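A.B. asks: Quick one: structure below, then a few questions.
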Amino acid sequence: MGLLQEETHAQVHYVLLVHRRSTKAMIEGPSDRSAAGKALIESLGGTQEAFYWMQGEHDGFLISNLPDGVSAAAVAAAVGATGAVTGLQTHQIFDADEQAAIVRQADTARKAYTPPTG
């Protein structure tokens with residue numbers, strides 16, 4: 001868990017990008033994947049903020065709040081293990097305050113870092 005999450009005890013925000021194996025299966029057997037996603041996220045102590053379908057490289061994405069990176073990895077492992085999706089990606093996302101903290105810490109780290117020479 002990152003420093004900011006430890007201080008505030010806030011859940012961590014993630015976006016999960018999915019690509020379904022079969023568009024045919026989606027057409028022939030539509031189901032409420034948002035409800036399935038919500039149940040999955042809640043089973044690990046999280047909440048689902050949004051679930052959207054989209055066109056392009058990925059078929060949909062889910063935005064969630066989870067306790068930590070272990071929980072996010074467990075979500076990805078559980079979904080991936082079904083074989084129903086490919087190209088599954090999980091990314092932590094940051095709000096404006098978190099991004100400002102990242103930039104401040106990056107500035108500190110940049111000043112302390114000496115790149116290799118050679």
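Going through the structure tokens in order, the chains are called A, B, and so on, while each chain numbers its residues from 1 and the ligands are numbered from 1 in the order shown.
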I want to know what sits within 9 Å of A:Ile93, based on only C-alpha atoms, with residues of the same chain fewer than 6 positions away left out; could you give that as a PyMOL selection string?
C.D. replies: chain A and resi 12-15+63
A.B. asks: Would you mind exporting the chosen residues as a tab-separated table (two decimals), in the first residue's frame, restricted to C-alpha atoms?
C.D. replies:
```
chain	number	residue	atom	x	y	z
A	12	VAL	CA	-6.99	2.43	-3.95
A	13	HIS	CA	-8.60	3.21	-7.32
A	14	TYR	CA	-8.13	0.83	-10.24
A	15	VAL	CA	-9.28	0.52	-13.82
A	63	ILE	CA	-13.42	1.40	-12.31
```
A.B. asks: Name all residues at most 12 Å from A:Gln55 (count only C-alpha atoms; drop same-chain ones fewer than 5 positions away) and give them as a list of chain:residue names.
C.D. replies: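 Skipping anything fewer than 5 positions along the chain leaves A:Leu17, A:Val18, A:His19, A:Arg20, A:Thr23, A:Gly60, A:Phe61.
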A.B. asks: Would you mind writing down, as a VMD selection string, each residue of chain A that DSSP on the backbone assigns to strand (DSSP E or B)?
C.D. replies: chain A and resid 12 to 20 47 to 53 60 to 66 85 to 93
A.B. asks: Since we have the selection now, will you write its residues out, keeping N, CA and C atoms, as a short mmCIF file (atom, residue, chain, number, x, y, z; two decimals), in the first residue's frame?
C.D. replies:
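Below is the file out-v1.cif, written as the result:
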```cif
data_model
loop_
_atom_site.label_atom_id
_atom_site.label_comp_id
_atom_site.auth_asym_id
_atom_site.auth_seq_id
_atom_site.Cartn_x
_atom_site.Cartn_y
_atom_site.Cartn_z
N VAL A 12 -7.77 2.10 -2.77
CA VAL A 12 -6.99 2.43 -3.95
C VAL A 12 -7.90 2.29 -5.17
N HIS A 13 -7.76 3.21 -6.12
CA HIS A 13 -8.60 3.21 -7.32
C HIS A 13 -7.90 2.45 -8.44
N TYR A 14 -8.66 1.61 -9.13
CA TYR A 14 -8.13 0.83 -10.24
C TYR A 14 -9.07 0.88 -11.43
N VAL A 15 -8.49 0.75 -12.61
CA VAL A 15 -9.28 0.52 -13.82
C VAL A 15 -8.85 -0.85 -14.34
N LEU A 16 -9.83 -1.66 -14.66
CA LEU A 16 -9.61 -3.00 -15.21
C LEU A 16 -10.12 -2.98 -16.64
N LEU A 17 -9.23 -3.17 -17.60
CA LEU A 17 -9.59 -3.18 -19.02
C LEU A 17 -9.74 -4.64 -19.45
N VAL A 18 -10.82 -4.93 -20.17
CA VAL A 18 -11.08 -6.31 -20.58
C VAL A 18 -11.34 -6.40 -22.08
N HIS A 19 -10.98 -7.54 -22.62
CA HIS A 19 -11.29 -7.87 -24.01
C HIS A 19 -11.92 -9.26 -23.98
N ARG A 20 -13.18 -9.34 -24.39
CA ARG A 20 -13.89 -10.62 -24.37
C ARG A 20 -13.33 -11.53 -25.44
N THR A 47 -15.50 -1.47 -3.86
CA THR A 47 -16.73 -0.94 -4.46
C THR A 47 -16.47 -0.69 -5.93
N GLN A 48 -17.52 -0.81 -6.71
CA GLN A 48 -17.45 -0.54 -8.15
C GLN A 48 -17.98 0.86 -8.41
N GLU A 49 -17.17 1.71 -9.03
CA GLU A 49 -17.60 3.06 -9.37
C GLU A 49 -18.33 3.10 -10.71
N ALA A 50 -17.82 2.33 -11.68
CA ALA A 50 -18.41 2.39 -13.02
C ALA A 50 -18.05 1.14 -13.80
N PHE A 51 -18.89 0.81 -14.76
CA PHE A 51 -18.62 -0.26 -15.71
C PHE A 51 -19.13 0.21 -17.06
N TYR A 52 -18.26 0.22 -18.04
CA TYR A 52 -18.64 0.68 -19.38
C TYR A 52 -18.15 -0.29 -20.44
N TRP A 53 -18.94 -0.40 -21.50
CA TRP A 53 -18.52 -1.09 -22.71
C TRP A 53 -17.94 -0.05 -23.65
N GLY A 60 -14.36 -3.37 -22.78
CA GLY A 60 -14.98 -2.70 -21.65
C GLY A 60 -13.98 -2.39 -20.57
N PHE A 61 -14.45 -1.61 -19.60
CA PHE A 61 -13.60 -1.33 -18.44
C PHE A 61 -14.46 -1.13 -17.21
N LEU A 62 -13.84 -1.40 -16.08
CA LEU A 62 -14.48 -1.29 -14.79
C LEU A 62 -13.58 -0.41 -13.92
N ILE A 63 -14.16 0.57 -13.27
CA ILE A 63 -13.42 1.40 -12.31
C ILE A 63 -13.87 0.98 -10.93
N SER A 64 -12.88 0.66 -10.09
CA SER A 64 -13.20 0.16 -8.75
C SER A 64 -12.31 0.78 -7.70
N ASN A 65 -12.74 0.64 -6.48
CA ASN A 65 -11.95 1.00 -5.30
C ASN A 65 -11.71 -0.30 -4.56
N LEU A 66 -10.45 -0.62 -4.31
CA LEU A 66 -10.09 -1.85 -3.62
C LEU A 66 -9.15 -1.54 -2.47
N VAL A 85 -11.97 -13.85 -20.90
CA VAL A 85 -11.40 -12.60 -21.41
C VAL A 85 -9.93 -12.80 -21.75
N THR A 86 -9.44 -11.96 -22.64
CA THR A 86 -8.02 -11.92 -22.97
C THR A 86 -7.58 -10.47 -22.85
N GLY A 87 -6.30 -10.25 -22.88
CA GLY A 87 -5.81 -8.88 -22.85
C GLY A 87 -6.25 -8.12 -21.62
N LEU A 88 -6.39 -8.81 -20.51
CA LEU A 88 -6.82 -8.18 -19.26
C LEU A 88 -5.70 -7.29 -18.73
N GLN A 89 -6.05 -6.06 -18.40
CA GLN A 89 -5.07 -5.12 -17.83
C GLN A 89 -5.67 -4.47 -16.59
N THR A 90 -4.86 -4.37 -15.55
CA THR A 90 -5.26 -3.70 -14.31
C THR A 90 -4.29 -2.56 -14.07
N HIS A 91 -4.81 -1.36 -13.88
CA HIS A 91 -3.97 -0.20 -13.65
C HIS A 91 -4.49 0.58 -12.45
N GLN A 92 -3.57 0.97 -11.57
CA GLN A 92 -3.97 1.88 -10.50
C GLN A 92 -4.16 3.25 -11.13
N ILE A 93 -5.19 3.95 -10.73
CA ILE A 93 -5.44 5.30 -11.23
C ILE A 93 -5.39 6.26 -10.04
#
```
A.B. asks: Within stretch 10-93 of chain A, find each residue whose DSSP state, derived from the backbone, is helix (DSSP H, G or I), and express the selection as an MDAnalysis selection string.
C.D. replies: chainID A and resid 23:28 33:43 69:81
